[in-house]
Amino acid sequence: MLDPGFSGPSGQHTGRYIVVFDDDDPDPLDLLAAGGMTRVADTRDLASLATSEERSAAARQGQGTYFAELRMAVVAAEDAQLETLRTSSAGAQRGLHYYPELIHHVLEPGQAGRHRSEAAPDAVSRDATGSSPAAPADGFADTAEFTWGLQATGAATSEASGEGIKVAVLDTGFDTGHPDFAGRTIVTESFVDGEDAQDGHGHGTHCIGTSCGPRAPGTGPGYGVAHASEIYAGKVLDASGSGGDAGILAGIDWAITQGCAVISMSLGADVAEVHPPYVAAGKRALARGTLIIAAAGNNAERSAGNPGFVGTPANSPYIMAVGAVDQQLAIADFSARSGATEGGQVDVAGPGVEVYSSWPMPQRYNTISGTSMATPHAAGVAAVLAASTGLRGRELWAELVQGCERLDAASADVGAGLVRAPQPAAPGGDGDEGDEAAPAPPEAPSP
Amino acid sequence: MSQRVTVTLTEPYAGRSAEVAGQLATAGMIVERVLPALSMITGTIAAERMAGLEAIGGVASVTAELIHRLPDPDSGIQ
């Protein structure tokens with residue numbers, strides 16, 4: 001669809017149009033012919049011509065060129081002609097879009113940063129609070145409908161629900177009697193000797209709420225990102241909040257075997273050295289199609305000049321480390337900075353200050369802070385992306401990072417930026433890949 | 001004094017964790033869990049015998065267990 005904002009000032013539009021076909025369109029050239037564009041050259045045919053001059057000449061004789069690999073065509077046509085085709089039954093059914101071809105210019109020196117700000121260079125990157133231009137002037141705030149975290153990550157406006165995706169949260173267990181989770185698919189397992197999977201601390205129930213809880217709980221704001229995902233609650237920390245490698249690794253092994261696409265681990269030890277078992281575990285999980293996401297750690301006290309460091313297991317190169325940002329999207333005082341060890345970097349950031357989520361009954365809800373709260377935001381976004389794109393493992397990691405909203409904060413603090421859920425396609429546009437009915441996910445690797 | 005350990009197997013030994021677990025037991029390790037998806041084995045062993053496990057075929061590393069600890073539930077920062 002022609003977006004008026006796309007036309008630009010006169011002189012920027014070549015007069016030709018880019019026609020974008022659906023990935024699954026059976027015969028794009030046939031569709032163009034139906035719109036009266038019968039003389040469009042196919043680059044696969046042009047390839048047989050010997051020289052680029054011959055190819056250009058052949059293309060010029062027609063009405064345009066079709067690029068099969070891109071599933072796009074550049075055509076010389078009238079806007080009205082393309083609009084008629086787009087709104088025809090065939091065009092609408094086959095998801096045809098078109099855009100004016102624009103003239104692109106090399107940026108002149110000094111122009112590159114202009115999209116950021118016209119202000120003096122020392123005022124461009126951040127203001128005194130380090131807040132991001134992506135945040136509202138007064139920062140995000142919980143509303144009656146959604147927590148600030150769901151708003152900031154775009155989950156509040158996303159149609160993606162994580163349906164069909166198994167999300168493991170390895171933590172202090174889960175309050176399976178919590179009324180906000182009635183009717184959900186919940187699988188629990190305890191890897192703590194002498195304790196069942198019931199949450200005796202509260203931390204696990206809070207993290208599961210953020211990653212997988214409801215968007216409309218009936219009382220209070222919605223607080224869960226992947227609200228239709230399947231919950232795999234693995235208890236690896238005891239009621240006092242303590243647990244060793246043996247239980248955590250057993251939980252990871254269990255989650256992989258169960259076919260979980262995402263493992264959320266809001267746990268760690270303040271150890272800067274990489275702990276070898278988590279290097280192997282992260283790598284082997286990715287190879288099996290499971291992405292492990294872990295908290296960067298709360299060992300910073302930035303207000304006192306201490307930036308901290310990413311501890312284990314988040315400092316494994318194959319485990320995604322999540323830092324925490326506040327309602328202004330500035331780095332939280334406690335959120336650990338990237339360390340010097342390989343893999344010891346913060347990869348992404350999530351909302352981690354004053355996060356409202358579920359808590360074991362009878363309290364029902366609690367508002368707390370930490371990279372532990374940022375991590376399930378990232379895990380929830382990973383789950384909805386896994387559902388909407390079908391991607392797993394390293395590809396899911398790349399998709400999550402690609403979709404992050406870049407922040408003014410230092411990359412050492414927030415990595416690629418704030419995790420973002422896919423947004424609905426703009427009317428007539430391509431939008432993000434937020435379609436839950438999109439490609440079928442690949443088969444989970446067999447155990 | 002006994003030490004809780006994690007034994008990570010090499011990639012070629014993926015799928016042979018039960019076999020390696022038997023050899024670890026012979027070398028003095030009390031095997032608690034065999035994790036087939038990760039090719040890891042956890043358990044306890046006398047601290048002075050820990051280094052001896054690394055000589056067993058298929059063992060990539062032997063690591064002393066770390067303890068991970070959350071703050072108390074009433075702490076504002078988790």
# chains A, B, ... in the order shown; residues from 1 in each chain; ligands from 1
$ interface_residues --of "chain B" --to "chain A" --cutoff "10 Å" --atoms "only C-alpha atoms" --output "MDAnalysis selection string"
chainID B and resid 4:11 32:43 60:78
$ residues_around --residues "Glu342 (chain A)" --least-positions-apart "4" --cutoff "10 Å" --atoms "only C-alpha atoms" --output "PyMOL selection string"
chain A and resi 273-274+315-317+338
$ select_by_dssp --residues "chain B" --states "helix (DSSP H, G or I)" --output "ChimeraX atom specification"
/B:11-13,17-26,47-49,51-55
$ write_last_selection --atoms "C-alpha atoms" --output "PDB file, in the first residue's frame"
ATOM      1  CA  GLU B  11      31.245 -34.183  22.460  1.00  0.00           C
ATOM      2  CA  PRO B  12      32.269 -37.586  21.045  1.00  0.00           C
ATOM      3  CA  TYR B  13      31.040 -39.176  24.268  1.00  0.00           C
ATOM      4  CA  SER B  17      27.168 -40.922  29.669  1.00  0.00           C
ATOM      5  CA  ALA B  18      25.943 -44.066  31.428  1.00  0.00           C
ATOM      6  CA  GLU B  19      29.136 -45.898  30.466  1.00  0.00           C
ATOM      7  CA  VAL B  20      31.341 -43.034  31.712  1.00  0.00           C
ATOM      8  CA  ALA B  21      29.259 -42.814  34.909  1.00  0.00           C
ATOM      9  CA  GLY B  22      30.250 -46.401  35.667  1.00  0.00           C
ATOM     10  CA  GLN B  23      33.935 -45.545  35.317  1.00  0.00           C
ATOM     11  CA  LEU B  24      33.491 -42.452  37.496  1.00  0.00           C
ATOM     12  CA  ALA B  25      31.949 -44.643  40.192  1.00  0.00           C
ATOM     13  CA  THR B  26      34.876 -47.031  39.977  1.00  0.00           C
ATOM     14  CA  ALA B  47      38.278 -33.785  47.362  1.00  0.00           C
ATOM     15  CA  GLU B  48      41.703 -35.400  47.000  1.00  0.00           C
ATOM     16  CA  ARG B  49      40.408 -37.871  44.385  1.00  0.00           C
ATOM     17  CA  ALA B  51      41.711 -34.610  39.947  1.00  0.00           C
ATOM     18  CA  GLY B  52      41.876 -38.329  39.174  1.00  0.00           C
ATOM     19  CA  LEU B  53      38.529 -38.173  37.365  1.00  0.00           C
ATOM     20  CA  GLU B  54      40.025 -36.059  34.587  1.00  0.00           C
ATOM     21  CA  ALA B  55      42.091 -39.010  33.392  1.00  0.00           C
TER      22      ALA B  55
END
$ atom_distance --atom1 "CA of Pro100 (chain A)" --atom2 "CA of Pro422 (chain A)"
25.6 Å
$ residues_around --residues "Val401 (chain A)" --least-positions-apart "5" --cutoff "10 Å" --atoms "only C-alpha atoms" --output "list in words"
Met320, Asp347, Val348, Ala382, Glu395, Leu396, Arg406, Gly415, Ala416, Gly417, Leu418, Val419 and Arg420 of chain A
$ write_last_selection --atoms "C-alpha atoms" --output "tab-separated table (two decimals), in the first residue's frame"
chain	number	residue	atom	x	y	z
A	320	MET	CA	22.11	-14.63	26.99
A	347	ASP	CA	23.49	-9.03	25.74
A	348	VAL	CA	20.09	-7.33	26.14
A	382	ALA	CA	11.90	-14.84	23.20
A	395	GLU	CA	18.48	-18.10	15.16
A	396	LEU	CA	16.08	-17.16	17.94
A	406	ARG	CA	18.45	0.59	20.86
A	415	GLY	CA	23.90	-4.76	25.11
A	416	ALA	CA	21.68	-4.49	22.03
A	417	GLY	CA	19.03	-2.63	24.06
A	418	LEU	CA	15.51	-3.25	25.28
A	419	VAL	CA	13.81	-6.51	24.29
A	420	ARG	CA	10.70	-5.91	22.17
$ atom_distance --atom1 "CA of Asp199 (chain A)" --atom2 "CA of Thr176 (chain A)"
8.4 Å
$ atom_distance --atom1 "CA of Ile208 (chain A)" --atom2 "CA of Ala379 (chain A)"
9.8 Å
$ closest_residue --among "A:Cys404, A:Leu49, A:Ala182, A:Ala216" --to "Thr147 (chain A)" --atoms "only C-alpha atoms"
A:Ala216
$ residues_around --residues "Cys260 (chain A)" --least-positions-apart "3" --cutoff "9 Å" --atoms "only C-alpha atoms" --output "number ranges by chain"
A: 165-168, 230, 232, 254-257, 263, 289-291, 444
$ residues_around --residues "region 61-75 of chain A" --least-positions-apart "2" --cutoff "12 Å" --atoms "only C-alpha atoms" --output "count of residues only"
51
$ closest_residue --among "A:His377, A:Arg337, A:Arg364, A:His227" --to "Ala409 (chain A)" --atoms "only C-alpha atoms"
A:Arg337
